[in-house]
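The block underneath contains the structure these notes are about, expressed in C-alpha cells.
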Amino acid sequence: RGLVERTDPELRNTKRGTPLAGDGQAGRRDLGGMLGWPKPHCDIFRRLLAHPKLVPYLVDLCGPGYRLDHLPLLISQHRGSEGFALHGGPLTSSGAFNPVLQYRCVQGQFFNSLLAMSVQLSDHNEGDGGFCVVRGSHKVNFPVPDAFMHAQIAQEHLHQPATNAGDVVFFSEATVHGALPWNADHERRVALYRFAPATLSYGRSYTPSWPADMLEGLTPAQRAVLEPPYA
C-alpha cells in the first residue's frame with residue numbers, strides 16, 4: 001500500500017487547536033512493510049538492521065544481541081501537516097515508575113529499554129519542524145503536565161535538531177519527545193526503527209512470527225536482529 005494520511009479524527013496524533021496540530025487539516029502520512037518489499041526495493045531498509053556504521057552505536061546503547069522491537073515505519077509530512085503530541089519518558093501520566101521505558105548509565109555503560117533510530121531521508125533545517133525532544137527528560141521525577149504534552153505551555157523546551165538527509169538520530173524512548181508541525185516547502189521523510197536489548201520486548205510484532213515476506217533473503221546478521229527476546 002502507499003502512504004496513508006491520518007485525516008480520521010480518531011487516528012490523528014494531536015489534539016485539535018493545539019500548537020502541534022498544524023493547519024488542522026493535513027495529517028501525518030505513514031507507511032510500513034518496507035522489510036518485506038520485493039528485492040531490490042527492500043534491501044536498503046534491511047541493511048539498516050545491521051549496517052557496519054550503525055552496529056557500534058546500537059551495541060553501545062542497547063547491548064550485544066540488540067533486537068528489532070517494532071516494525072519499521074516511514075513517516076512523511078508536508079507543509080501544514082500535524083506533528084505528534086509529546087509522549088514517552090520514564091514515568092506514566094500519573095507519575096508512577098514506567099518499567100518499559102527506562103534509561104540508565106552506570107559506570108559508562110548505557111542501558112535503554114527501548115531505543116529509537118530515525119534515519120533522515122530529507123533535510124530538517126532549523127525551524128522546519130518534525131522530531132522534537134525535551135532534553136534531559138529521561139531524568140524526570142514528576143509527571144509532565146498535560147498542557148505541556150500538547151505544547152500549550154513552555155514551548156521553549158522543545159528542541160528540534162537540525163539534520164541533513166542521510167543523518168541518523170538515536171534517542172531513548174525514555175525521553176519525552178514528539179513532533180512539531182511541518183513548516184517547510186519540501187516533504188519531510190524519515191524511516192523510524194525501534195530496537196530493544198536482547199532480553200526485553202515492548203512491541204509484540206515478533207509473535208507468533210515476523211511476516212514471512214520480510215524473513216526471506218535476509219543475511220545471517222540481519223536475521224539475528226529479528227530474534228525474539230530471551231534471557
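Chain identifiers are assigned as A, B, and so on, following the order in which chains appear in the C-alpha cells; residues are numbered from 1 within each chain, and ligands are numbered from 1 in order of appearance.
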* So which residues of segment 106-163 of chain A fall under helix (DSSP H, G or I) by DSSP, listed as a PyMOL selection string? -> chain A and resi 137-139+146-149+155-157
Contact check, segment 29-70 of chain A to segment 3-22 of chain A, at most 9 Å, counting only C-alpha atoms, closest pairs as a Markdown table:
```
| residue | atom | partner | partner_atom | distance |
| --- | --- | --- | --- | --- |
| A:Arg29 | CA | A:Glu5 | CA | 4.1 |
| A:Asp30 | CA | A:Leu3 | CA | 5.3 |
| A:Leu31 | CA | A:Leu3 | CA | 5.0 |
| A:Gly32 | CA | A:Leu3 | CA | 8.5 |
```
* Mind checking which residues fall within 10 Å of Arg104 of chain A, counting only C-alpha atoms, ignoring those fewer than 4 positions away in the same chain, and posting them as number ranges by chain? => A: 61, 108-113, 138-139, 174
* Would you list the contacts of Asp69 of chain A as a VMD selection string, taking every protein, DNA or RNA residue within 12 Å and counting only C-alpha atoms, but skipping same-chain residues closer than 6 positions in sequence? => chain A and resid 49 62 113 to 117 192 to 207 210 225 to 229
* Determine, counting only C-alpha atoms, which protein, DNA and RNA residues have an atom within 10 Å of an atom of segment 84-95 of chain A; residues of the same chain fewer than 6 positions away are not included. Present the result as a PyMOL selection string. => chain A and resi 12-15+18-22+27-28+101-103+130-134+137-146+148-151+158+172-181
* atom CA of Trp182 of chain A and atom CA of Gly36 of chain A, how far apart in Å? ->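 Here the two named atoms are 28.8 Å from each other.
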* Quick one: everything within 7 Å of Phe45 of chain A, counting only C-alpha atoms, minus sequence neighbours fewer than 3 positions away in the same chain. Send it as a list of chain:residue names. =>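 After dropping sequence-adjacent residues, the list is A:Met34, A:Leu35, A:Cys42, A:Leu48.
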* **Between atom CA of Thr163 of chain A and atom CA of Ala26 of chain A - distance in Å to one decimal** =>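 Answer for the atom CA of Ala26 of chain A to atom CA of Thr163 of chain A separation: 23.4 Å.
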* Within 12 Å of Arg46 of chain A, counting only C-alpha atoms, which residues qualify if same-chain residues fewer than 2 places away don't, as a ChimeraX atom specification? -> /A:33-44,48-51,68,71-72,191,193,214-223,225-226
* Pick the closest to Gly80 of chain A from A:Asp213, A:Glu187, A:Asp167, A:Glu126: which is it, counting only C-alpha atoms? ->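 Selected residue with least distance to Gly80 of chain A: A:Glu187.
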* Asked: Can you tell me how far atom CA of Gly2 of chain A sits from atom CA of Asn164 of chain A, in Å to one decimal?
  -> 24.5 Å
* To do: Extract the full set of strand (DSSP E or B) residues from segment 26-195 of chain A according to DSSP on the backbone, and format it as a PyMOL selection string.
  => chain A and resi 29-32+67-68+73-77+84-87+91+97+103-106+109-112+115-120+124+130-133+159+163+168-172+177-180+188-195
